[in-house]
Every structure is written in C-alpha cells, then in structure tokens.
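Enquirer: So here's query-v3.txt (compact mmCIF, C-alpha atoms).
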```
# COMPACT_ATOMS: atom_id res chain seq x y z
CA MET M 276 -74.52 -10.39 -116.09
CA GLY M 277 -72.99 -7.66 -118.31
CA THR M 278 -70.62 -8.26 -121.20
CA THR M 279 -67.59 -7.08 -119.21
CA ALA M 280 -68.44 -9.41 -116.34
CA VAL M 281 -68.83 -12.34 -118.73
CA LEU M 282 -65.50 -11.58 -120.38
CA GLN M 283 -63.75 -11.23 -117.01
CA ASN M 284 -65.13 -14.54 -115.81
CA PRO M 285 -62.09 -16.80 -115.20
CA ALA M 286 -63.77 -19.58 -117.20
CA THR M 287 -63.98 -17.25 -120.21
CA VAL M 288 -60.30 -16.31 -119.97
CA ASP M 289 -59.38 -19.97 -119.53
CA ALA M 290 -61.35 -20.90 -122.65
CA TYR M 291 -59.54 -18.25 -124.69
CA GLN M 292 -56.23 -19.38 -123.22
CA ALA M 293 -56.94 -23.00 -124.15
CA LEU M 294 -57.69 -21.88 -127.72
CA TYR M 295 -54.50 -19.77 -127.81
CA ASP M 296 -52.44 -22.77 -126.62
CA SER M 297 -54.07 -25.10 -129.19
CA LEU M 298 -53.31 -22.65 -132.00
CA GLY M 299 -49.74 -22.47 -130.70
CA ARG M 300 -49.35 -26.22 -131.03
CA ALA M 301 -50.92 -26.07 -134.51
CA TYR M 302 -48.41 -23.35 -135.50
CA TRP M 303 -45.40 -25.48 -134.60
CA ASP M 304 -46.97 -28.57 -136.23
CA ALA M 305 -47.65 -26.75 -139.52
CA SER M 306 -44.96 -27.40 -142.11
CA ASP M 307 -45.41 -24.52 -144.56
CA ILE M 308 -45.12 -20.79 -144.00
CA ASN M 309 -48.59 -19.99 -145.40
CA SER M 310 -50.31 -22.29 -142.90
CA LYS M 311 -48.16 -20.86 -140.11
CA ASP M 312 -49.13 -17.31 -141.18
CA LEU M 313 -52.80 -18.21 -141.19
CA ILE M 314 -52.68 -19.90 -137.78
CA GLN M 315 -50.64 -17.09 -136.22
CA GLY M 316 -53.08 -14.50 -137.61
CA ALA M 317 -55.92 -16.20 -135.74
CA ARG M 318 -53.73 -16.68 -132.69
CA GLU M 319 -52.89 -12.97 -132.54
CA VAL M 320 -56.58 -12.10 -132.38
CA ILE M 321 -56.96 -14.41 -129.37
CA TYR M 322 -53.77 -12.97 -127.86
CA ASP M 323 -55.21 -9.45 -128.14
CA ILE M 324 -58.47 -10.53 -126.47
CA ILE M 325 -56.62 -12.18 -123.57
CA THR M 326 -54.36 -9.13 -123.21
CA GLU M 327 -57.38 -6.84 -123.00
CA LEU M 328 -58.98 -9.11 -120.39
CA ASP M 329 -55.71 -9.15 -118.42
CA GLU M 330 -55.44 -5.36 -118.56
CA ALA M 331 -59.06 -5.09 -117.39
CA GLN M 332 -58.27 -7.45 -114.50
CA PHE M 333 -55.28 -5.30 -113.51
CA ASP M 334 -57.51 -2.20 -113.57
CA ALA M 335 -60.08 -3.96 -111.37
CA ASN M 336 -57.33 -5.05 -108.96
CA THR M 337 -55.95 -1.49 -108.89
CA ALA M 338 -59.36 -0.20 -107.78
CA ALA M 339 -59.56 -2.85 -105.04
CA LEU M 340 -56.00 -2.12 -103.90
CA LEU M 341 -56.79 1.60 -103.75
CA ALA M 342 -59.66 0.77 -101.39
CA LEU M 343 -57.20 -1.06 -99.09
CA LYS M 344 -54.67 1.78 -98.99
CA PRO M 345 -56.36 3.96 -96.31
CA LYS M 346 -56.68 1.02 -93.91
CA ILE M 347 -52.97 0.20 -94.18
CA LYS M 348 -52.09 3.87 -93.77
CA ASP M 349 -54.30 4.18 -90.66
CA THR M 350 -52.82 1.01 -89.15
CA ASN M 351 -49.29 2.29 -89.68
CA ALA M 352 -50.30 5.55 -87.94
CA VAL M 353 -51.58 3.54 -84.92
CA LEU M 354 -48.30 1.61 -84.78
CA GLU M 355 -46.33 4.86 -84.97
CA LYS M 356 -48.31 6.20 -82.00
CA ILE M 357 -47.52 3.05 -79.96
CA GLN M 358 -43.84 3.46 -80.84
CA THR M 359 -43.92 7.11 -79.74
CA ASP M 360 -45.56 6.12 -76.42
CA ILE M 361 -42.86 3.48 -75.83
CA ASN M 362 -40.12 6.00 -76.57
CA GLY M 363 -41.84 8.30 -74.05
CA ILE M 364 -41.36 5.70 -71.29
CA THR M 365 -37.60 5.60 -71.91
CA LYS M 366 -37.58 9.39 -72.10
CA ASN M 367 -39.21 9.60 -68.64
CA ILE M 368 -36.51 7.37 -67.13
CA ASN M 369 -33.89 9.52 -68.82
CA THR M 370 -35.52 12.56 -67.25
CA ALA M 371 -35.25 10.89 -63.82
CA SER M 372 -31.57 10.29 -64.48
CA ARG M 373 -31.07 13.93 -65.46
CA VAL M 374 -32.86 15.10 -62.29
CA VAL M 375 -30.54 12.98 -60.10
CA SER M 376 -27.56 14.34 -62.02
CA ALA M 377 -28.77 17.93 -61.57
CA ILE M 378 -29.28 17.39 -57.81
CA ASN M 379 -25.78 15.98 -57.63
CA ASN M 380 -24.38 19.07 -59.36
CA VAL M 381 -26.11 21.34 -56.84
CA LEU M 382 -24.83 19.20 -53.94
CA ALA M 383 -21.30 19.43 -55.34
CA ILE M 384 -21.55 23.24 -55.37
CA VAL M 385 -22.98 23.28 -51.84
CA SER M 386 -20.21 20.99 -50.56
CA ALA M 387 -17.60 23.36 -51.97
CA PHE M 388 -18.92 26.14 -49.70
CA ALA M 389 -19.60 23.92 -46.70
CA MET C 83 -25.35 -22.71 -76.30
CA LEU C 84 -25.00 -18.97 -76.59
CA LEU C 85 -27.38 -19.03 -79.53
CA LEU C 86 -29.95 -20.97 -77.55
CA ALA C 87 -29.64 -18.59 -74.65
CA GLY C 88 -30.14 -15.66 -77.03
CA CYS C 89 -33.27 -17.21 -78.53
CA ALA C 90 -34.76 -17.95 -75.13
CA THR C 91 -34.75 -14.28 -74.17
CA THR C 92 -36.95 -13.20 -77.07
CA SER C 93 -40.72 -13.24 -76.59
CA PRO C 94 -42.88 -15.25 -79.05
CA LEU C 95 -44.50 -12.04 -80.31
CA ALA C 96 -41.08 -10.49 -80.97
CA ARG C 97 -39.89 -13.63 -82.75
CA HIS C 98 -43.03 -13.96 -84.85
CA THR C 99 -43.15 -10.30 -85.85
CA ALA C 100 -39.44 -10.31 -86.72
CA ALA C 101 -39.94 -13.42 -88.88
CA PHE C 102 -43.03 -11.89 -90.46
CA SER C 103 -41.15 -8.66 -91.24
CA ALA C 104 -38.23 -10.53 -92.83
CA ALA C 105 -40.60 -12.65 -94.96
CA THR C 106 -42.62 -9.58 -95.97
CA ASN C 107 -39.48 -7.73 -97.11
CA VAL C 108 -38.61 -10.58 -99.47
CA VAL C 109 -42.15 -10.79 -100.87
CA VAL C 110 -42.43 -7.01 -101.36
CA ASP C 111 -39.06 -6.68 -103.12
CA ASN C 112 -39.79 -9.66 -105.37
CA SER C 113 -43.31 -8.41 -106.16
CA GLU C 114 -42.01 -5.02 -107.27
CA ASN C 115 -39.44 -6.79 -109.49
CA ALA C 116 -42.13 -9.09 -110.91
CA TYR C 117 -44.31 -6.17 -112.01
CA ARG C 118 -41.33 -4.45 -113.65
CA VAL C 119 -40.28 -7.66 -115.44
CA ALA C 120 -43.81 -8.39 -116.71
CA VAL C 121 -44.29 -4.82 -117.98
CA ARG C 122 -40.92 -4.96 -119.79
CA ILE C 123 -41.70 -8.32 -121.42
CA HIS C 124 -45.02 -6.97 -122.70
CA ASP C 125 -43.28 -3.85 -124.06
CA ASP C 126 -40.72 -6.11 -125.77
CA GLU C 127 -43.52 -8.12 -127.37
CA GLN C 128 -45.18 -5.01 -128.76
CA ILE C 129 -41.89 -3.66 -130.11
CA SER C 130 -41.12 -7.00 -131.73
CA ALA C 131 -44.62 -7.10 -133.28
CA ILE C 132 -44.12 -3.58 -134.61
CA VAL C 133 -40.81 -4.56 -136.23
CA GLN C 134 -42.50 -7.54 -137.87
CA LYS C 135 -45.42 -5.50 -139.20
CA TYR C 136 -43.51 -2.34 -140.07
CA ASP C 137 -43.39 -3.00 -143.83
CA THR C 138 -46.93 -4.35 -144.10
CA ASN C 139 -49.98 -2.29 -145.03
CA GLN C 140 -51.06 -2.08 -141.39
CA PRO C 141 -50.28 1.48 -140.25
CA TRP C 142 -48.19 1.78 -137.11
CA ASP C 143 -48.13 4.64 -134.64
CA PRO C 144 -45.33 4.47 -132.02
CA HIS C 145 -47.80 6.04 -129.57
CA SER C 146 -49.88 2.89 -129.76
CA ILE C 147 -47.54 1.02 -127.38
CA LYS C 148 -49.57 0.35 -124.26
CA HIS C 149 -47.99 -0.78 -121.00
CA LEU C 150 -49.49 -3.87 -119.42
CA ILE C 151 -50.12 -1.95 -116.19
CA ASP C 152 -50.56 1.82 -116.41
CA ALA C 153 -48.61 4.32 -114.30
CA LYS C 154 -51.43 4.67 -111.76
CA GLY C 155 -51.67 0.89 -111.39
CA LEU C 156 -47.93 0.53 -110.81
CA GLU C 157 -47.86 3.45 -108.37
CA THR C 158 -50.79 2.00 -106.41
CA ARG C 159 -49.04 -1.36 -106.14
CA THR C 160 -45.74 0.21 -105.11
CA ASP C 161 -47.47 2.35 -102.46
CA ILE C 162 -49.43 -0.53 -101.02
CA LEU C 163 -46.43 -2.88 -100.99
CA ASN C 164 -44.34 -0.22 -99.24
CA GLY C 165 -47.20 0.27 -96.76
CA LEU C 166 -47.16 -3.47 -96.08
CA LYS C 167 -43.40 -3.35 -95.54
CA THR C 168 -43.75 -0.44 -93.10
CA TYR C 169 -46.52 -2.28 -91.23
CA ALA C 170 -44.40 -5.43 -90.83
CA GLN C 171 -41.28 -3.48 -89.86
CA SER C 172 -43.19 -1.36 -87.31
CA LEU C 173 -44.69 -4.48 -85.73
CA ALA C 174 -41.24 -6.03 -85.40
CA ASP C 175 -39.70 -2.80 -84.07
CA ILE C 176 -42.39 -2.40 -81.42
CA ALA C 177 -42.46 -6.05 -80.36
CA ASN C 178 -38.67 -6.07 -80.09
CA ASN C 179 -38.56 -2.74 -78.29
CA VAL C 180 -39.26 -4.68 -75.10
CA GLN C 181 -35.53 -5.33 -75.12
CA SER C 182 -34.73 -1.68 -75.69
CA ASP C 183 -31.06 -0.81 -75.27
CA GLN C 184 -32.09 2.79 -74.63
CA LEU C 185 -34.23 1.68 -71.70
CA ASP C 186 -31.31 -0.29 -70.27
CA ALA C 187 -29.02 2.71 -70.72
CA ALA C 188 -31.49 5.09 -69.09
CA ALA C 189 -31.98 2.82 -66.05
CA THR C 190 -28.22 2.29 -65.70
CA SER C 191 -27.68 6.02 -65.91
CA VAL C 192 -30.02 6.63 -62.94
CA GLY C 193 -28.00 4.18 -60.81
CA ALA C 194 -24.70 5.73 -61.90
CA ASN C 195 -25.92 9.22 -61.04
CA LEU C 196 -27.14 8.00 -57.65
CA ARG C 197 -23.69 6.60 -56.95
CA LYS C 198 -22.13 9.94 -57.88
CA MET C 199 -24.57 11.61 -55.53
CA GLY C 200 -23.42 9.23 -52.78
CA ASP C 201 -19.82 10.24 -53.45
CA THR C 202 -20.79 13.91 -53.28
CA LEU C 203 -22.62 13.45 -49.99
CA ASN C 204 -19.78 11.44 -48.49
CA PRO C 205 -16.50 12.02 -50.35
CA THR C 206 -13.51 9.75 -49.66
CA ALA C 207 -11.56 11.34 -46.79
CA THR C 208 -8.45 13.06 -48.17
CA ASP C 209 -6.83 16.42 -47.36
CA THR C 210 -8.26 17.96 -50.53
CA ALA C 211 -11.69 16.38 -50.37
CA PRO C 212 -14.61 18.62 -49.37
CA ARG C 213 -16.38 17.90 -46.10
CA ALA C 214 -19.14 15.32 -46.04
CA LEU C 215 -22.52 17.00 -46.47
CA ALA C 216 -24.43 14.17 -44.87
CA PRO C 217 -22.07 11.95 -42.91
CA GLY C 218 -24.77 9.42 -42.05
CA ILE C 219 -26.05 8.97 -45.59
CA THR C 220 -24.30 6.63 -48.01
CA ILE C 221 -25.36 5.13 -51.33
CA ALA C 222 -23.64 1.80 -51.86
CA PRO C 223 -23.17 0.47 -55.41
CA GLN C 224 -25.59 -2.36 -54.63
CA GLN C 225 -28.26 0.15 -53.56
CA ALA C 226 -27.78 2.15 -56.77
CA ASN C 227 -28.03 -1.09 -58.74
CA VAL C 228 -31.29 -1.97 -57.02
CA VAL C 229 -32.72 1.40 -58.08
CA SER C 230 -31.50 0.84 -61.66
CA ALA C 231 -33.02 -2.64 -61.73
CA ALA C 232 -36.28 -1.34 -60.26
CA LEU C 233 -36.50 1.34 -62.95
CA LYS C 234 -35.62 -1.20 -65.62
CA THR C 235 -38.41 -3.47 -64.31
CA LEU C 236 -40.85 -0.58 -64.24
CA GLY C 237 -39.86 0.48 -67.75
CA ASP C 238 -40.13 -3.10 -69.05
CA TYR C 239 -43.52 -3.44 -67.41
CA LEU C 240 -44.83 -0.21 -68.91
CA VAL C 241 -43.47 -1.03 -72.38
CA ASN C 242 -44.85 -4.58 -72.19
CA LYS C 243 -48.20 -3.26 -71.09
CA LYS C 244 -48.23 -0.81 -73.99
CA VAL C 245 -47.23 -3.50 -76.50
CA LYS C 246 -49.69 -6.08 -75.21
CA SER C 247 -52.59 -3.67 -75.02
CA GLY C 248 -52.01 -2.27 -78.52
CA VAL C 249 -50.19 -4.63 -80.86
CA PRO C 250 -52.41 -7.76 -80.73
CA LYS C 251 -55.48 -5.65 -81.53
CA VAL C 252 -53.69 -4.02 -84.47
CA ILE C 253 -52.67 -7.46 -85.82
CA ARG C 254 -56.19 -8.87 -85.37
CA ASP C 255 -57.82 -5.87 -87.09
CA MET C 256 -55.29 -6.01 -89.91
CA ASP C 257 -55.69 -9.74 -90.60
CA PRO C 258 -58.70 -9.44 -92.97
CA GLN C 259 -56.94 -6.60 -94.83
CA ILE C 260 -53.77 -8.68 -95.24
CA ASP C 261 -55.92 -11.57 -96.44
CA ALA C 262 -57.66 -9.33 -99.00
CA LEU C 263 -54.33 -7.83 -100.07
CA CYS C 264 -52.74 -11.26 -100.55
CA LYS C 265 -55.74 -12.41 -102.60
CA LEU C 266 -55.38 -9.38 -104.87
CA LEU C 267 -51.63 -9.92 -105.24
CA ASP C 268 -52.35 -13.57 -106.04
CA SER C 269 -54.88 -12.48 -108.67
CA ASP C 270 -52.24 -10.12 -110.12
CA LEU C 271 -49.78 -13.00 -110.27
CA VAL C 272 -52.25 -15.30 -112.04
CA VAL C 273 -52.59 -12.61 -114.71
CA LEU C 274 -48.85 -11.85 -114.78
CA ARG C 275 -48.03 -15.54 -115.32
CA ARG C 276 -50.59 -15.91 -118.11
CA GLN C 277 -49.65 -12.65 -119.82
CA SER C 278 -45.88 -13.07 -119.61
CA GLY C 279 -46.27 -16.66 -120.91
CA ASN C 280 -48.27 -15.38 -123.89
CA ASP C 281 -45.85 -12.49 -124.47
CA TYR C 282 -42.94 -14.94 -124.65
CA GLU C 283 -44.97 -17.20 -126.99
CA GLN C 284 -45.56 -14.20 -129.28
CA LEU C 285 -41.85 -13.29 -129.16
CA LEU C 286 -41.00 -16.89 -130.02
CA VAL C 287 -43.30 -16.96 -133.06
CA GLN C 288 -42.16 -13.50 -134.22
CA GLN C 289 -38.55 -14.71 -134.10
CA ASP C 290 -39.49 -17.91 -135.95
CA MET C 291 -41.38 -15.92 -138.62
CA PHE C 292 -38.38 -13.62 -139.08
CA ILE C 293 -36.04 -16.57 -139.65
CA ARG C 294 -38.44 -18.30 -142.04
CA LYS C 295 -39.22 -15.17 -144.07
CA PHE C 296 -35.86 -13.39 -144.07
CA GLY C 297 -33.42 -16.16 -143.10
CA SER C 298 -32.28 -16.58 -146.70
CA THR C 299 -30.91 -13.02 -146.74
CA LEU C 300 -28.72 -13.74 -143.70
CA SER C 301 -25.22 -15.17 -143.74
CA PRO C 302 -24.93 -18.75 -142.37
CA THR C 303 -23.41 -17.36 -139.15
CA GLU C 304 -26.16 -14.75 -138.73
CA ARG C 305 -28.84 -17.33 -139.48
CA ARG C 306 -27.34 -19.73 -136.94
CA ALA C 307 -27.31 -16.96 -134.30
CA GLU C 308 -30.96 -16.11 -134.98
CA ILE C 309 -32.06 -19.76 -134.76
CA LYS C 310 -30.19 -20.14 -131.47
CA LYS C 311 -32.36 -17.36 -130.01
CA LEU C 312 -35.47 -19.59 -130.17
CA PRO C 313 -34.55 -21.95 -127.31
CA GLN C 314 -33.18 -18.96 -125.37
CA ILE C 315 -36.59 -17.23 -125.53
CA LEU C 316 -38.24 -20.45 -124.37
CA ALA C 317 -35.77 -20.78 -121.47
CA ARG C 318 -36.51 -17.18 -120.39
CA LYS C 319 -40.24 -17.94 -120.54
CA GLU C 320 -39.83 -20.92 -118.25
CA ALA C 321 -37.50 -19.07 -115.85
CA THR C 322 -39.93 -16.13 -115.60
CA ASP C 323 -42.86 -18.43 -114.92
CA ALA C 324 -40.89 -20.31 -112.25
CA MET C 325 -40.02 -16.99 -110.58
CA LEU C 326 -43.65 -15.82 -110.63
CA GLN C 327 -44.89 -19.19 -109.33
CA GLU C 328 -42.45 -19.00 -106.44
CA LEU C 329 -43.60 -15.49 -105.65
CA GLN C 330 -47.22 -16.68 -105.72
CA GLU C 331 -46.36 -19.35 -103.16
CA SER C 332 -44.56 -16.75 -101.01
CA ILE C 333 -47.71 -14.63 -101.00
CA HIS C 334 -49.81 -17.59 -99.86
CA THR C 335 -47.27 -18.18 -97.08
CA LEU C 336 -47.37 -14.50 -96.13
CA ALA C 337 -51.15 -14.64 -95.66
CA GLN C 338 -50.88 -17.85 -93.60
CA THR C 339 -48.08 -16.39 -91.48
CA HIS C 340 -50.17 -13.34 -90.70
CA HIS C 341 -53.16 -15.55 -89.79
CA ALA C 342 -50.88 -17.45 -87.40
CA LEU C 343 -49.56 -14.17 -86.02
CA ALA C 344 -53.12 -12.93 -85.45
CA ALA C 345 -54.09 -16.21 -83.79
CA THR C 346 -51.05 -16.06 -81.50
CA ALA C 347 -51.68 -12.43 -80.65
CA GLN C 348 -55.37 -13.14 -80.00
CA SER C 349 -54.98 -16.04 -77.61
CA SER C 350 -55.37 -14.64 -74.11
CA SER C 351 -56.80 -17.77 -72.46
CA ALA C 352 -55.19 -20.92 -71.12
CA ALA C 353 -54.16 -21.83 -74.63
CA SER C 354 -51.63 -19.03 -74.55
CA LEU C 355 -50.26 -20.05 -71.17
CA ASN C 356 -47.10 -21.51 -72.64
CA GLU C 357 -46.44 -18.31 -74.48
CA ARG C 358 -47.09 -16.23 -71.42
CA ILE C 359 -44.70 -18.44 -69.50
CA ALA C 360 -42.17 -17.96 -72.27
CA ASP C 361 -42.80 -14.21 -72.11
CA LEU C 362 -42.27 -14.28 -68.37
CA ARG C 363 -39.11 -16.34 -68.69
CA ALA C 364 -37.81 -14.04 -71.40
CA SER C 365 -38.52 -11.04 -69.20
CA GLY C 366 -36.81 -12.68 -66.22
CA GLU C 367 -33.76 -13.59 -68.26
CA ARG C 368 -33.52 -10.09 -69.67
CA LEU C 369 -33.67 -8.68 -66.17
CA SER C 370 -31.07 -11.15 -64.91
CA ARG C 371 -28.75 -10.29 -67.79
CA PHE C 372 -29.23 -6.59 -67.19
CA TYR C 373 -28.58 -6.88 -63.47
CA SER C 374 -25.40 -8.88 -63.96
CA SER C 375 -24.14 -6.24 -66.37
CA LEU C 376 -24.21 -3.54 -63.67
CA PRO C 377 -21.00 -2.52 -61.83
CA THR C 378 -20.67 -3.86 -58.26
CA THR C 379 -17.66 -1.86 -57.05
```
What's the structure tokens form of this structure?
Expert:
Amino acid sequence: MGTTAVLQNPATVDAYQALYDSLGRAYWDASDINSKDLIQGAREVIYDIITELDEAQFDANTAALLALKPKIKDTNAVLEKIQTDINGITKNINTASRVVSAINNVLAIVSAFA
Amino acid sequence: MLLLAGCATTSPLARHTAAFSAATNVVVDNSENAYRVAVRIHDDEQISAIVQKYDTNQPWDPHSIKHLIDAKGLETRTDILNGLKTYAQSLADIANNVQSDQLDAAATSVGANLRKMGDTLNPTATDTAPRALAPGITIAPQQANVVSAALKTLGDYLVNKKVKSGVPKVIRDMDPQIDALCKLLDSDLVVLRRQSGNDYEQLLVQQDMFIRKFGSTLSPTERRAEIKKLPQILARKEATDAMLQELQESIHTLAQTHHALAATAQSSSAASLNERIADLRASGERLSRFYSSLPTT
C-alpha cells in the first residue's frame, strides 16, 4: 500500500481527527495564553494534514464523478429519443386531423360549384 | 373526493417518477449550495488565519489561498448534478406524457373536423345553403366522437407501449450509476462535514486568540462585541453541520428511492399485477374522462 493510500485510509483520517479534537479540548482547558499558543500550534499542523487529505479525497471523487458523466449523458440522450418518439405519435394524429380538414376544404369548394 | 379521483388516474410509474424528480430537485439544489457554503467557509478560515499571522515572521502571499475544491472539481459536480436533475425530470415527463393534453387535443380535433365534413356533405337545408354533395352520407356527433376516442385509444396505446418498452430498461440500467453517484456524493459530504467543522473550529480559536492578545486595546464595547462573536461562530458551525447531515440523509433516500423505482419498473411478473391493474384502471379512467369531455350535440 502506497503512502497516499495509507493517508487516505478513513482510519488514518479518523485518527488525525481524534487528535485534532483532543487538542481542541486541551486548548479550551488551558488557562494561560502561552499554553494555548503551544497547543494551537500543534493543532494547526494536524488541521493542515486533515485539510490536505480532504482535498485529496475531493480530487479522487472528482475523477470518479468524471467517469460517471458519460453514462448519465448517454442515458439522457436515450430518454430524449423516447420523448421525441412520443411526440411523433401525437404529431401523426395531428396530421390525420389536418388531412380531414383539408378534405373538408376541398368538399366545401366542390359543393359551391355543385 | 376530487383529489382521490385525480390520484387514481395516474399510473404508478408516473407517480413514482414524479416523486423521484421532485426529491432529486431538492437534493441537487441543496448539494450545490452545500459545496458553495463549504468552499466559502474554508476561504474565510484562510483569510482569518492570514490576518492573525500577518505581523508575524511567517511570510504571506495572497496567492497562497487555496479553495477547498478547485474549479474543475466544482464544475464536474455541477455538471453531474444537473445531469441527474435532467434524468429525473425526463423520466417524469415521459412517464406522465401518457396523459398528454396534446394527444387529447389532436384526437378531439380529428372528430371535430369529421363533424365539419359531415356538415359540408349534408348542409342544413336553407335557401342559401349549398346542395348536399352526398345526401345519403351523414356523420353524427356520436360517430365523430367514436373516431376521436378510437384515435385517443390508439395514441395512448402507442405512447404506453413506447414508455413501457423503453423507460423501465433505462431505469434498471441507470440504477448502479445512481448508486455509485450517491456513494460519491455521500463521500463528499463526509469530507464537507469534517472540513467545515474544522474550519469553524479554526475560526473560533483565531477569534479567541485575537481577543486574548489584542482585547486590551479595544474599548469595553468593542471587546464585548468581539467576545459575543464566539458563540455565534459555534452556532454557525452547528447549523452548517445539521444542514450537511440532512443533505446526507436526503442522498441516502435518493439512492433508495431509485432502487425502489428500478424494482417497480423491473417487475413484469405476477408480482406487478396490482400495478398493471392500476395502470389499466388509470388508462380506463383517462379514456372515460376524455370521452365525457367530447361534445354530443
């Protein structure tokens, strides 16, 4: 297992987070500013590590999401085709209506000369 | 009663896809907001840290501010969430197209034109009316209505056939992708909750440090105002986490709803009989409603 994989292991992040939380409690328990400074200095290092791990996780998720994009796009194209086919059915019935109307117009002209 | 009658005319697929689309819209909009909020909180934390360290010996370059999620990451998420929204909306549109108003209008129009043709063939006898072209041929309103209803039935049948042959397969094929997508969004939210919690913790400590180190230079009113910001930061932290937790639960529900949708769409055996009966009843009621809406005189 490579270093990156070890660092991105949820257990590793959880361990860092537990340490960050403990240092947070120690900060608020400390009564003098020097102790608080010291604790917060250590806490910031842990914060930076967790932030880097979180950013790496977002990057990994971005790559996985990018892989999903074409499938969603293709599926939406299939659905669009079904919608077009359905609209075509209505269009055909409309065409039938227009044909009847056109025949009626011709009959009206014929009846005028009959 | 009217509401019940309205519900009864909608097929299960139409109902489920409409519910899925509505739920997806909420999740997508909230997810996009969540990313924006988390990125802003992280930016705020960095700016606050810079202010705190500005006069120290640690050099600061304003270019060093790094967004929690880069532009490509945000764009990818926006694209994919919009794609999900389009998918859900298209499913609902197609499944609900069975009750197409345009189809009703087209079928009614055929009947109306047939009736006009009947009038042309056999005009009402008046001095000014033209002679009947075909005295033996008449098209009664009821006959025109039968043609309209037949076309409506045919149209409904063809649309139903199209929907039932295409949509369930699309939903089934998409189910693993939705599952994978929801898992990734859930993973994003785990990170967003952790990171925004830590960002707020940093903001809290930076504010506390500022008060402790420079509070003596502030007036009592200014000092009081700065101290009051501490519980406000904590309240924002808790509210943000509650919002992200709720969104996480919505994403779990979205995945489960799609699984249920896929299972419903997939069932073509006896297990789906009730649904098919409901489909049939819905179709019959639609037809009955359509027929009764046609003119009889």
Enquirer: Give the answer as one residue: which of M:Lys344, M:Ala301, M:Asn336, M:Tyr291 has the shortest atom-to-atom distance to Val320 of chain M, using all atoms listed in the file?
Expert: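 Looking at the shortest contact to Val320 of chain M, the residue is M:Tyr291.
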Enquirer: Compute the set of chain C residues within 6 Å of chain M, using all atoms listed in the file, and express it as a VMD selection string.
Expert: chain C and resid 155 169 185 188 191 to 192 195 199 202 241 273
Enquirer: Please, what distance in Å, to one decimal, runs between atom CA of Lys244 of chain C and atom CA of Ala232 of chain C?
Expert: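 Taking atom CA of Lys244 of chain C as the start and atom CA of Ala232 of chain C as the end point, the length is 18.2 Å.
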Enquirer: Got a sec to check which residues sit within 8 Å of (-43.8, -1.1, -110.0), counting only C-alpha atoms, and write them as a ChimeraX atom specification?
Expert: /C:114-115,117-118,156-157,159-160
Enquirer: What is the distance, in Å and to one decimal place, between atom CA of Thr287 of chain M and atom CA of Ser278 of chain C?
Expert: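 Distance between the two atoms: 18.6 Å.
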Enquirer: One decimal, in Å: what's the spacing between atom CA of Lys154 of chain C and atom CA of Ala342 of chain M?
Expert: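 Separating atom CA of Lys154 of chain C from atom CA of Ala342 of chain M is a distance of 13.8 Å.
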Enquirer: (-43.4, -11.3, -89.5) in this file's frame - what residues fall within 8 Å of it? Use only C-alpha atoms and give the answer as a PDB file with C-alpha atoms, keeping the file's coordinate frame.
Expert:
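Result saved to out26.pdb:
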```
ATOM      1  CA  ARG C  97     -39.890 -13.630 -82.750  1.00  0.00           C
ATOM      2  CA  HIS C  98     -43.030 -13.960 -84.850  1.00  0.00           C
ATOM      3  CA  THR C  99     -43.150 -10.300 -85.850  1.00  0.00           C
ATOM      4  CA  ALA C 100     -39.440 -10.310 -86.720  1.00  0.00           C
ATOM      5  CA  ALA C 101     -39.940 -13.420 -88.880  1.00  0.00           C
ATOM      6  CA  PHE C 102     -43.030 -11.890 -90.460  1.00  0.00           C
ATOM      7  CA  SER C 103     -41.150  -8.660 -91.240  1.00  0.00           C
ATOM      8  CA  ALA C 104     -38.230 -10.530 -92.830  1.00  0.00           C
ATOM      9  CA  ALA C 105     -40.600 -12.650 -94.960  1.00  0.00           C
ATOM     10  CA  THR C 106     -42.620  -9.580 -95.970  1.00  0.00           C
ATOM     11  CA  ALA C 170     -44.400  -5.430 -90.830  1.00  0.00           C
ATOM     12  CA  LEU C 173     -44.690  -4.480 -85.730  1.00  0.00           C
ATOM     13  CA  ALA C 174     -41.240  -6.030 -85.400  1.00  0.00           C
ATOM     14  CA  THR C 339     -48.080 -16.390 -91.480  1.00  0.00           C
ATOM     15  CA  HIS C 340     -50.170 -13.340 -90.700  1.00  0.00           C
ATOM     16  CA  LEU C 343     -49.560 -14.170 -86.020  1.00  0.00           C
TER      17      LEU C 343
END
```
Enquirer: Need the shell around Ala317 of chain C: protein/DNA/RNA residues with any atom at most 12 Å away, counting all atoms listed in the file. Skip same-chain ones fewer than 5 positions apart. Format as a list in words?
Expert: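 After dropping sequence-adjacent residues, the list is Gly279, Tyr282, Glu283, Leu286, Lys310, Lys311, Leu312, Thr322, Asp323 and Ala324 of chain C.
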Enquirer: Identify which of the residues C:Leu316, C:Ala231, C:Met291, C:Leu274 lies closest to Leu329 of chain C, counting all atoms listed in the file when measuring atom-to-atom distances.
Expert: C:Leu274
Enquirer: Complete segment 144-156 of chain C at the level of N, CA and C atoms, written as a tab-separated table (two decimals), keeping the file's coordinate frame.
Expert:
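The new file result_9.tsv reads:
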```
chain	number	residue	atom	x	y	z
C	144	PRO	N	-46.11	4.82	-133.22
C	144	PRO	CA	-45.33	4.47	-132.02
C	144	PRO	C	-46.07	4.78	-130.71
C	145	HIS	N	-47.03	5.72	-130.79
C	145	HIS	CA	-47.80	6.04	-129.57
C	145	HIS	C	-48.74	4.91	-129.16
C	146	SER	N	-48.90	3.94	-130.05
C	146	SER	CA	-49.88	2.89	-129.76
C	146	SER	C	-49.37	1.88	-128.74
C	147	ILE	N	-48.08	1.96	-128.39
C	147	ILE	CA	-47.54	1.02	-127.38
C	147	ILE	C	-48.26	1.28	-126.05
C	148	LYS	N	-48.81	0.22	-125.51
C	148	LYS	CA	-49.57	0.35	-124.26
C	148	LYS	C	-48.94	-0.55	-123.20
C	149	HIS	N	-48.60	0.04	-122.06
C	149	HIS	CA	-47.99	-0.78	-121.00
C	149	HIS	C	-49.05	-1.72	-120.41
C	150	LEU	N	-48.58	-2.87	-119.99
C	150	LEU	CA	-49.49	-3.87	-119.42
C	150	LEU	C	-50.24	-3.31	-118.20
C	151	ILE	N	-49.50	-2.60	-117.36
C	151	ILE	CA	-50.12	-1.95	-116.19
C	151	ILE	C	-49.80	-0.47	-116.32
C	152	ASP	N	-50.82	0.38	-116.22
C	152	ASP	CA	-50.56	1.82	-116.41
C	152	ASP	C	-49.84	2.41	-115.19
C	153	ALA	N	-49.41	3.68	-115.34
C	153	ALA	CA	-48.61	4.32	-114.30
C	153	ALA	C	-49.34	4.34	-112.95
C	154	LYS	N	-50.65	4.62	-113.01
C	154	LYS	CA	-51.43	4.67	-111.76
C	154	LYS	C	-51.47	3.29	-111.09
C	155	GLY	N	-51.63	2.26	-111.91
C	155	GLY	CA	-51.67	0.89	-111.39
C	155	GLY	C	-50.36	0.51	-110.74
C	156	LEU	N	-49.24	0.86	-111.38
C	156	LEU	CA	-47.93	0.53	-110.81
C	156	LEU	C	-47.68	1.31	-109.52
```
